[in-house]
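Shown here: query-v2.cif, mmCIF, C-alpha atoms.
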data_query
loop_
_atom_site.label_atom_id
_atom_site.label_comp_id
_atom_site.auth_asym_id
_atom_site.auth_seq_id
_atom_site.Cartn_x
_atom_site.Cartn_y
_atom_site.Cartn_z
CA MET I 1 -23.38 42.08 0.44
CA ASP I 2 -21.28 39.82 2.58
CA LEU I 3 -20.55 36.29 1.32
CA SER I 4 -20.56 34.71 4.76
CA PHE I 5 -23.89 36.37 5.56
CA SER I 6 -25.39 34.84 2.39
CA ILE I 7 -23.99 31.44 3.38
CA TRP I 8 -25.57 31.73 6.82
CA ILE I 9 -28.96 32.71 5.41
CA SER I 10 -28.80 29.90 2.88
CA MET I 11 -27.93 27.36 5.59
CA ALA I 12 -30.78 28.57 7.77
CA MET I 13 -33.27 28.29 4.90
CA PHE I 14 -32.01 24.82 3.97
CA SER I 15 -32.28 23.50 7.52
CA ILE I 16 -35.76 25.00 7.92
CA GLY I 17 -36.69 23.18 4.71
CA ILE I 18 -35.31 19.89 6.01
CA ILE I 19 -37.20 20.30 9.29
CA GLY I 20 -40.34 20.95 7.28
CA VAL I 21 -39.84 17.77 5.24
CA LEU I 22 -39.25 15.76 8.41
CA ALA I 23 -42.04 17.23 10.48
CA LYS I 24 -44.98 18.09 8.24
CA ARG I 25 -47.68 15.59 7.31
CA ASN I 26 -49.52 17.76 4.83
CA ALA I 27 -48.22 16.74 1.39
CA LEU I 28 -48.42 20.29 0.02
CA ILE I 29 -46.43 21.92 2.81
CA PHE I 30 -43.99 19.01 2.50
CA PHE I 31 -43.57 20.00 -1.14
CA LEU I 32 -43.19 23.71 -0.36
CA SER I 33 -40.35 22.77 2.01
CA ILE I 34 -38.55 21.00 -0.84
CA GLU I 35 -38.92 24.14 -2.97
CA LEU I 36 -37.49 26.14 -0.07
CA MET I 37 -34.38 23.94 -0.06
CA LEU I 38 -33.95 24.46 -3.82
CA ASN I 39 -34.15 28.21 -3.24
CA ALA I 40 -31.52 28.02 -0.52
CA SER I 41 -29.11 26.36 -2.96
CA ASN I 42 -29.96 29.00 -5.59
CA LEU I 43 -29.06 31.75 -3.14
CA LEU I 44 -25.69 30.09 -2.55
CA PHE I 45 -25.01 29.90 -6.30
CA VAL I 46 -25.81 33.59 -6.79
CA ALA I 47 -23.71 34.61 -3.78
CA PHE I 48 -20.65 32.72 -5.05
CA ALA I 49 -21.15 33.96 -8.61
CA ASN I 50 -21.09 37.48 -7.21
CA GLN I 51 -18.02 36.73 -5.07
CA TRP I 52 -15.88 35.47 -7.95
CA GLY I 53 -17.40 37.62 -10.70
CA ASN I 54 -18.23 34.47 -12.66
CA GLN I 55 -21.56 34.23 -14.44
CA ILE I 56 -21.63 30.45 -14.82
CA GLY I 57 -23.16 30.27 -11.35
CA LEU I 58 -26.11 32.27 -12.68
CA ILE I 59 -26.53 29.79 -15.55
CA TRP I 60 -26.78 27.01 -12.97
CA VAL I 61 -29.44 28.97 -11.11
CA PHE I 62 -31.41 29.18 -14.37
CA PHE I 63 -31.15 25.41 -14.82
CA ILE I 64 -32.25 24.80 -11.22
CA LEU I 65 -35.27 27.06 -11.82
CA VAL I 66 -36.30 24.96 -14.83
CA VAL I 67 -35.79 21.71 -12.92
CA ALA I 68 -37.84 23.12 -10.01
CA ALA I 69 -40.68 23.96 -12.40
CA ALA I 70 -40.58 20.45 -13.89
CA GLU I 71 -40.47 18.95 -10.42
CA ALA I 72 -43.46 21.01 -9.31
CA ALA I 73 -45.46 19.83 -12.32
CA VAL I 74 -44.68 16.14 -11.80
CA GLY I 75 -44.90 16.27 -8.00
CA LEU I 76 -48.26 18.01 -7.95
CA ALA I 77 -49.55 15.52 -10.53
CA ILE I 78 -48.49 12.68 -8.22
CA ILE I 79 -50.15 14.41 -5.24
CA ILE I 80 -53.39 14.82 -7.24
CA HIS I 81 -53.25 11.15 -8.19
CA LEU I 82 -52.69 10.07 -4.56
CA PHE I 83 -55.53 12.33 -3.44
CA ARG I 84 -57.88 10.76 -6.00
CA SER I 85 -57.06 7.26 -4.77
CA LYS I 86 -57.39 7.92 -1.00
CA GLN I 87 -59.06 11.33 -0.51
CA VAL I 88 -56.38 12.42 2.00
CA VAL I 89 -53.28 14.63 1.82
CA ASP I 90 -51.59 13.13 4.89
CA VAL I 91 -48.25 11.61 3.85
CA ASP I 92 -48.42 9.15 6.79
CA GLN I 93 -51.44 7.51 5.15
CA PHE I 94 -49.55 6.53 2.01
CA ASN I 95 -47.66 3.46 3.23
CA GLU I 96 -48.34 0.82 0.57
CA LEU I 97 -44.64 0.56 -0.31
CA LYS I 98 -43.63 -0.01 3.31
CA GLY I 99 -41.86 -3.35 3.68
CA MET D 100 -26.74 51.47 4.53
CA SER D 101 -25.90 48.23 2.80
CA ASN D 102 -25.65 46.58 6.20
CA ILE D 103 -29.19 47.59 7.13
CA VAL D 104 -30.55 46.30 3.79
CA GLN D 105 -28.66 43.04 4.20
CA TRP D 106 -29.90 42.40 7.73
CA THR D 107 -33.48 43.36 6.89
CA LEU D 108 -33.53 40.97 3.93
CA GLY D 109 -31.93 38.21 5.99
CA VAL D 110 -34.38 38.52 8.87
CA VAL D 111 -37.38 38.61 6.52
CA LEU D 112 -36.05 35.55 4.65
CA VAL D 113 -35.58 33.46 7.79
CA CYS D 114 -38.91 34.55 9.33
CA SER D 115 -40.91 33.83 6.18
CA SER D 116 -39.16 30.44 5.80
CA LEU D 117 -40.18 29.64 9.38
CA GLY D 118 -43.69 30.75 8.45
CA ILE D 119 -43.87 28.03 5.78
CA VAL D 120 -43.02 25.31 8.28
CA LEU D 121 -45.05 26.65 11.21
CA ALA D 122 -48.26 27.47 9.32
CA ARG D 123 -51.08 24.95 9.75
CA ASN D 124 -53.12 26.28 6.87
CA PRO D 125 -51.48 25.52 3.49
CA VAL D 126 -52.73 28.82 2.03
CA HIS D 127 -50.85 30.70 4.74
CA ALA D 128 -47.79 28.54 4.06
CA SER D 129 -47.81 29.33 0.36
CA LEU D 130 -48.33 33.05 1.00
CA SER D 131 -45.32 32.88 3.31
CA PHE D 132 -43.42 31.15 0.50
CA LEU D 133 -44.42 34.01 -1.82
CA LEU D 134 -42.87 36.48 0.65
CA THR D 135 -39.71 34.34 0.70
CA LEU D 136 -39.51 34.35 -3.09
CA LEU D 137 -39.98 38.10 -3.44
CA THR D 138 -37.42 38.82 -0.71
CA LEU D 139 -35.02 36.42 -2.42
CA ALA D 140 -35.52 38.32 -5.70
CA THR D 141 -34.58 41.53 -3.90
CA TYR D 142 -31.54 39.79 -2.46
CA TYR D 143 -30.51 38.72 -6.00
CA LEU D 144 -30.86 42.32 -7.15
CA GLN D 145 -28.53 43.36 -4.33
CA LEU D 146 -26.05 40.76 -5.60
CA SER D 147 -26.42 42.38 -9.09
CA ALA D 148 -28.06 39.35 -10.71
CA GLN D 149 -30.93 41.18 -12.43
CA PHE D 150 -31.90 38.45 -14.88
CA ILE D 151 -32.14 35.80 -12.17
CA ALA D 152 -34.22 38.14 -9.99
CA VAL D 153 -36.73 38.67 -12.81
CA MET D 154 -36.82 34.93 -13.58
CA GLN D 155 -37.40 34.23 -9.90
CA VAL D 156 -40.49 36.45 -9.85
CA LEU D 157 -41.79 35.20 -13.21
CA VAL D 158 -41.19 31.46 -12.86
CA TYR D 159 -41.52 30.87 -9.12
CA ALA D 160 -44.00 33.49 -7.97
CA GLY D 161 -45.83 33.61 -11.28
CA ALA D 162 -46.02 29.99 -12.40
CA ILE D 163 -45.10 27.47 -9.68
CA LEU D 164 -46.97 29.18 -6.86
CA VAL D 165 -50.10 29.54 -8.99
CA ILE D 166 -50.11 25.77 -9.61
CA PHE D 167 -49.72 25.29 -5.87
CA MET D 168 -52.69 27.54 -5.20
CA PHE D 169 -54.81 25.60 -7.70
CA VAL D 170 -53.97 22.30 -6.04
CA ILE D 171 -54.59 23.70 -2.53
CA VAL D 172 -58.04 24.92 -3.58
CA LEU D 173 -58.72 21.50 -5.11
CA PHE D 174 -58.08 19.72 -1.80
CA GLN D 175 -59.90 22.21 0.40
CA ASP D 176 -61.65 19.83 2.80
CA ALA D 177 -58.84 17.25 2.86
CA HIS D 178 -56.64 19.59 4.89
CA TYR D 179 -59.11 19.56 7.77
CA GLN D 180 -58.93 15.76 8.00
CA LEU D 181 -55.25 16.00 8.92
CA ASP D 182 -56.02 16.63 12.58
CA GLN D 183 -58.17 13.49 12.93
CA TYR D 184 -55.24 11.06 12.93
CA LYS D 185 -52.36 11.12 15.33
CA PRO D 186 -48.95 11.59 13.69
CA LYS D 187 -46.94 8.39 13.68
CA SER D 188 -43.54 9.98 14.27
CA SER D 189 -42.71 11.04 17.80
CA SER D 190 -42.29 14.79 18.14
CA ILE D 191 -39.48 14.45 20.73
CA LEU D 192 -37.37 12.37 18.34
CA LEU D 193 -38.10 14.85 15.59
CA LEU D 194 -37.03 17.75 17.77
CA ALA D 195 -33.83 15.89 18.70
CA ALA D 196 -33.06 15.23 15.03
CA ALA D 197 -33.70 18.87 14.11
CA SER D 198 -31.51 20.23 16.92
CA ALA D 199 -28.69 17.81 16.06
CA PHE D 200 -28.90 18.96 12.46
CA LEU D 201 -28.85 22.63 13.43
CA LEU D 202 -25.88 22.03 15.72
CA THR D 203 -23.94 20.36 12.88
CA LEU D 204 -24.74 23.30 10.62
CA ALA D 205 -23.61 25.78 13.26
CA VAL D 206 -20.26 24.00 13.64
CA LEU D 207 -19.86 23.91 9.86
CA GLY D 208 -20.89 27.54 9.54
CA ARG D 209 -18.13 28.72 11.85
CA ASN D 210 -15.67 27.76 9.13
CA PHE D 211 -17.45 30.02 6.65
CA ALA D 212 -17.55 33.01 8.96
CA SER D 213 -13.98 33.98 8.09
CA VAL D 214 -14.48 34.14 4.29
CA SER D 215 -12.98 37.37 3.04
CA PRO D 216 -15.17 39.79 1.07
CA SER D 217 -14.88 39.88 -2.70
CA GLN D 218 -11.64 41.28 -4.13
CA HIS D 219 -12.89 41.01 -7.70
CA ARG D 220 -14.40 43.96 -9.49
CA LEU D 221 -17.57 42.76 -11.19
CA PRO D 222 -17.77 43.32 -14.96
CA ASP D 223 -20.21 46.06 -15.94
CA ASP D 224 -22.67 43.70 -17.62
CA PHE D 225 -22.64 41.14 -14.79
CA GLY D 226 -25.99 39.39 -14.59
CA SER D 227 -27.61 41.36 -17.41
CA VAL D 228 -29.99 39.66 -19.84
CA GLN D 229 -27.55 40.22 -22.68
CA SER D 230 -24.53 38.55 -21.13
CA ILE D 231 -26.53 35.66 -19.61
CA GLY D 232 -28.29 35.09 -22.93
CA LYS D 233 -24.97 35.03 -24.78
CA LEU D 234 -23.56 32.53 -22.29
CA LEU D 235 -26.71 30.41 -22.43
CA TYR D 236 -27.03 30.26 -26.22
CA VAL D 237 -23.36 30.06 -27.13
CA ASP D 238 -21.35 28.31 -24.41
CA PHE D 239 -24.17 26.34 -22.78
CA PHE D 240 -26.25 25.58 -25.85
CA PHE D 241 -26.42 21.79 -25.46
CA PRO D 242 -27.21 21.83 -21.72
CA PHE D 243 -29.92 24.36 -22.54
CA GLU D 244 -31.45 22.09 -25.19
CA ALA D 245 -31.18 19.13 -22.82
CA ILE D 246 -33.04 21.01 -20.09
CA VAL D 247 -35.76 21.97 -22.60
CA LEU D 248 -36.16 18.28 -23.47
CA LEU D 249 -36.32 17.41 -19.75
CA PHE D 250 -39.04 19.98 -19.25
CA LEU D 251 -41.03 18.62 -22.20
CA VAL D 252 -40.81 15.07 -20.82
CA ALA D 253 -41.83 16.33 -17.36
CA VAL D 254 -44.93 18.07 -18.74
CA VAL D 255 -45.98 14.99 -20.74
CA GLY D 256 -45.37 12.81 -17.66
CA ALA D 257 -47.40 15.13 -15.43
CA LEU D 258 -50.33 15.04 -17.84
CA TYR D 259 -50.09 11.25 -18.02
CA ILE D 260 -49.98 10.80 -14.22
CA ALA D 261 -52.80 13.21 -13.44
CA ARG D 262 -55.26 11.99 -16.06
CA LYS D 263 -58.61 10.61 -14.99
CA GLY D 264 -59.75 7.01 -15.12
CA THR D 265 -56.80 4.92 -14.02
#

Translate the structure of the given file into structure tokens.
Amino acid sequence: MDLSFSIWISMAMFSIGIIGVLAKRNALIFFLSIELMLNASNLLFVAFANQWGNQIGLIWVFFILVVAAAEAAVGLAIIIHLFRSKQVVDVDQFNELKG
Amino acid sequence: MSNIVQWTLGVVLVCSSLGIVLARNPVHASLSFLLTLLTLATYYLQLSAQFIAVMQVLVYAGAILVIFMFVIVLFQDAHYQLDQYKPKSSSILLLAAASAFLLTLAVLGRNFASVSPSQHRLPDDFGSVQSIGKLLYVDFFFPFEAIVLLFLVAVVGALYIARKGT
């Protein structure tokens, strides 16, 4: 596998994730886009670990996996809480903190 | 042969990532995300990171996506309300921002295109459960314990946030 090919794929996935965060109003798809960006960075870690034959990159991927799981738990709890208070999943509707 | 595998995986990865963003139905989006995760696991196997590939399937596809599915089912009728309001952000500005971002990435990516392929010979046990476990429990023991503590705090916090009657 080519390193530059992996970098290209990772960049494409990350930018698609950013576009999803910017463009989507559904809170759940918003969240899936964030997970997509985390996966793009994971791919980059694995590709570079393979390039240099160094397994510490794989340890970082493991840590990112755990942090992603924790983030999913907390984030979905927040989404459930927001849904209970307003009965919508549209992120444009949650603007109480707007100055 | 390896070239065909690489290009197939790459095309499937980009298309399924686009599927997440373009899908209107959140169930379709999460199924597209499942395809992304499984393809990514195959990609990791190609990069000889077996342990990470298995963890990817177990943790992401097995645990995180199942929670997503539960929450999507919980909000079933809320997704249909999305179309009733007009979005507040202008789509033209959004498109301009996205294309500017992609252009920046393309310029950056040209620098990476000339990276030479790996000269290193990978060790025989690269990415195996045994060597990763040894690294994790010997060299990275304290970060590992710290991440366990973080996960515990996150679970307690999630239960606290999502409880009824606040």

Do a neighbour search on Leu130 (chain D) at 9 Å with all atoms listed in the file, toss out local chain neighbours closer than 4 positions, and write the hits as a compact mmCIF listing (two decimals) with C-alpha atoms, in the frame of the given file.
# COMPACT_ATOMS: atom_id res chain seq x y z
CA ILE D 119 -43.87 28.03 5.78
CA PRO D 125 -51.48 25.52 3.49
CA VAL D 126 -52.73 28.82 2.03
CA LEU D 134 -42.87 36.48 0.65
CA THR D 135 -39.71 34.34 0.70
CA LEU D 164 -46.97 29.18 -6.86

Next item on the list: Name the closest residue to Ile7 (chain I) among the candidates I:Leu28, I:Ala70, I:Val91, I:Leu44; distances are taken between atoms, counting all atoms listed in the file.
Entry: I:Leu44

Next item on the list: Could you please select, counting all atoms listed in the file, the residues of chain I within 6 Å of chain D and state them as a ChimeraX atom specification?
Entry: /I:4,20,51,53,70,73-74,77,81,88

Checklist line | CA of Gly57 (chain I) to CA of Val111 (chain D), distance in Å rounded to a single decimal | finding: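 Those two atoms sit 24.3 Å apart.
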
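Between CA of Phe31 (chain I) and CA of Thr141 (chain D) the interatomic distance comes to 23.5 Å.
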
Margin query: What's the separation between CA of Met37 (chain I) and CA of Met13 (chain I), in Å to one decimal place?
Written below: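 Computing the Euclidean distance for CA of Met37 (chain I) and CA of Met13 (chain I) yields 6.7 Å.
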
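Distance annotation: of D:Val237, D:Val228, D:Leu137, D:Val165, the residue with the minimal separation from Leu76 (chain I) is D:Val165; atom set is all atoms listed in the file.
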
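Checking I:Val61, I:Leu82, I:Leu3, I:Ile34 one by one against Ala47 (chain I), counting all atoms listed in the file, you find the shortest gap at I:Leu3.
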
Render chain I from the structure in the preceding block as a file of C-alpha atoms, as a tab-separated table (two decimals), in the first residue's frame.
chain	number	residue	atom	x	y	z
I	1	MET	CA	0.00	0.00	0.00
I	2	ASP	CA	1.22	3.41	-0.99
I	3	LEU	CA	1.72	6.03	1.75
I	4	SER	CA	0.70	8.96	-0.42
I	5	PHE	CA	-2.46	7.12	-1.48
I	6	SER	CA	-3.39	6.63	2.19
I	7	ILE	CA	-2.74	10.32	2.86
I	8	TRP	CA	-5.02	11.29	-0.03
I	9	ILE	CA	-7.82	9.01	1.15
I	10	SER	CA	-7.47	10.29	4.69
I	11	MET	CA	-7.61	13.92	3.52
I	12	ALA	CA	-10.70	13.21	1.42
I	13	MET	CA	-12.46	11.55	4.35
I	14	PHE	CA	-11.53	14.39	6.71
I	15	SER	CA	-12.78	17.09	4.35
I	16	ILE	CA	-16.02	15.18	3.73
I	17	GLY	CA	-16.43	15.04	7.51
I	18	ILE	CA	-15.86	18.78	7.85
I	19	ILE	CA	-18.37	19.50	5.09
I	20	GLY	CA	-20.85	17.28	6.91
I	21	VAL	CA	-20.34	19.18	10.17
I	22	LEU	CA	-20.77	22.50	8.37
I	23	ALA	CA	-23.74	21.54	6.23
I	24	LYS	CA	-25.94	19.08	8.13
I	25	ARG	CA	-28.67	20.17	10.52
I	26	ASN	CA	-29.57	16.74	11.82
I	27	ALA	CA	-27.67	16.33	15.10
I	28	LEU	CA	-27.05	12.61	14.54
I	29	ILE	CA	-25.55	12.97	11.06
I	30	PHE	CA	-23.53	15.89	12.46
I	31	PHE	CA	-22.15	13.46	15.02
I	32	LEU	CA	-21.45	10.74	12.46
I	33	SER	CA	-19.39	13.29	10.51
I	34	ILE	CA	-17.24	13.92	13.60
I	35	GLU	CA	-16.67	10.17	13.92
I	36	LEU	CA	-15.69	10.12	10.24
I	37	MET	CA	-13.00	12.74	10.91
I	38	LEU	CA	-11.65	10.66	13.82
I	39	ASN	CA	-11.46	7.66	11.49
I	40	ALA	CA	-9.57	9.70	8.91
I	41	SER	CA	-6.92	10.56	11.49
I	42	ASN	CA	-6.77	6.89	12.55
I	43	LEU	CA	-6.08	5.88	8.96
I	44	LEU	CA	-3.20	8.35	8.83
I	45	PHE	CA	-1.71	6.95	12.06
I	46	VAL	CA	-1.85	3.38	10.74
I	47	ALA	CA	-0.38	4.38	7.38
I	48	PHE	CA	2.59	6.13	8.99
I	49	ALA	CA	3.11	3.31	11.50
I	50	ASN	CA	3.33	0.96	8.55
I	51	GLN	CA	5.69	3.30	6.67
I	52	TRP	CA	8.24	3.55	9.48
I	53	GLY	CA	7.71	0.09	10.97
I	54	ASN	CA	6.93	1.69	14.33
I	55	GLN	CA	4.09	0.30	16.42
I	56	ILE	CA	3.59	3.34	18.63
I	57	GLY	CA	1.28	4.74	15.96
I	58	LEU	CA	-0.97	1.72	16.49
I	59	ILE	CA	-1.05	2.43	20.24
I	60	TRP	CA	-2.28	5.94	19.44
I	61	VAL	CA	-5.00	4.50	17.23
I	62	PHE	CA	-6.11	2.35	20.18
I	63	PHE	CA	-6.29	5.44	22.41
I	64	ILE	CA	-8.25	7.36	19.77
I	65	LEU	CA	-10.71	4.44	19.57
I	66	VAL	CA	-11.30	4.61	23.33
I	67	VAL	CA	-11.71	8.40	23.24
I	68	ALA	CA	-14.16	8.05	20.32
I	69	ALA	CA	-16.22	5.57	22.33
I	70	ALA	CA	-16.27	7.91	25.34
I	71	GLU	CA	-17.17	10.82	23.09
I	72	ALA	CA	-20.02	8.87	21.51
I	73	ALA	CA	-21.42	8.02	24.95
I	74	VAL	CA	-21.30	11.61	26.23
I	75	GLY	CA	-22.37	13.19	22.93
I	76	LEU	CA	-25.37	10.94	22.48
I	77	ALA	CA	-26.37	11.58	26.11
I	78	ILE	CA	-26.27	15.32	25.39
I	79	ILE	CA	-28.32	14.82	22.20
I	80	ILE	CA	-30.92	12.80	24.15
I	81	HIS	CA	-31.08	15.53	26.76
I	82	LEU	CA	-31.52	18.26	24.11
I	83	PHE	CA	-34.21	16.18	22.41
I	84	ARG	CA	-36.09	15.80	25.69
I	85	SER	CA	-36.08	19.55	26.27
I	86	LYS	CA	-37.17	20.65	22.75
I	87	GLN	CA	-38.42	17.56	20.86
I	88	VAL	CA	-36.27	18.41	17.81
I	89	VAL	CA	-32.93	17.15	16.45
I	90	ASP	CA	-32.22	20.25	14.34
I	91	VAL	CA	-28.97	21.85	15.54
I	92	ASP	CA	-30.15	25.27	14.27
I	93	GLN	CA	-32.92	25.22	16.89
I	94	PHE	CA	-30.51	25.05	19.82
I	95	ASN	CA	-29.40	28.68	20.05
I	96	GLU	CA	-29.81	29.56	23.73
I	97	LEU	CA	-26.08	30.24	24.12
I	98	LYS	CA	-26.02	32.64	21.17
I	99	GLY	CA	-24.86	36.08	22.28
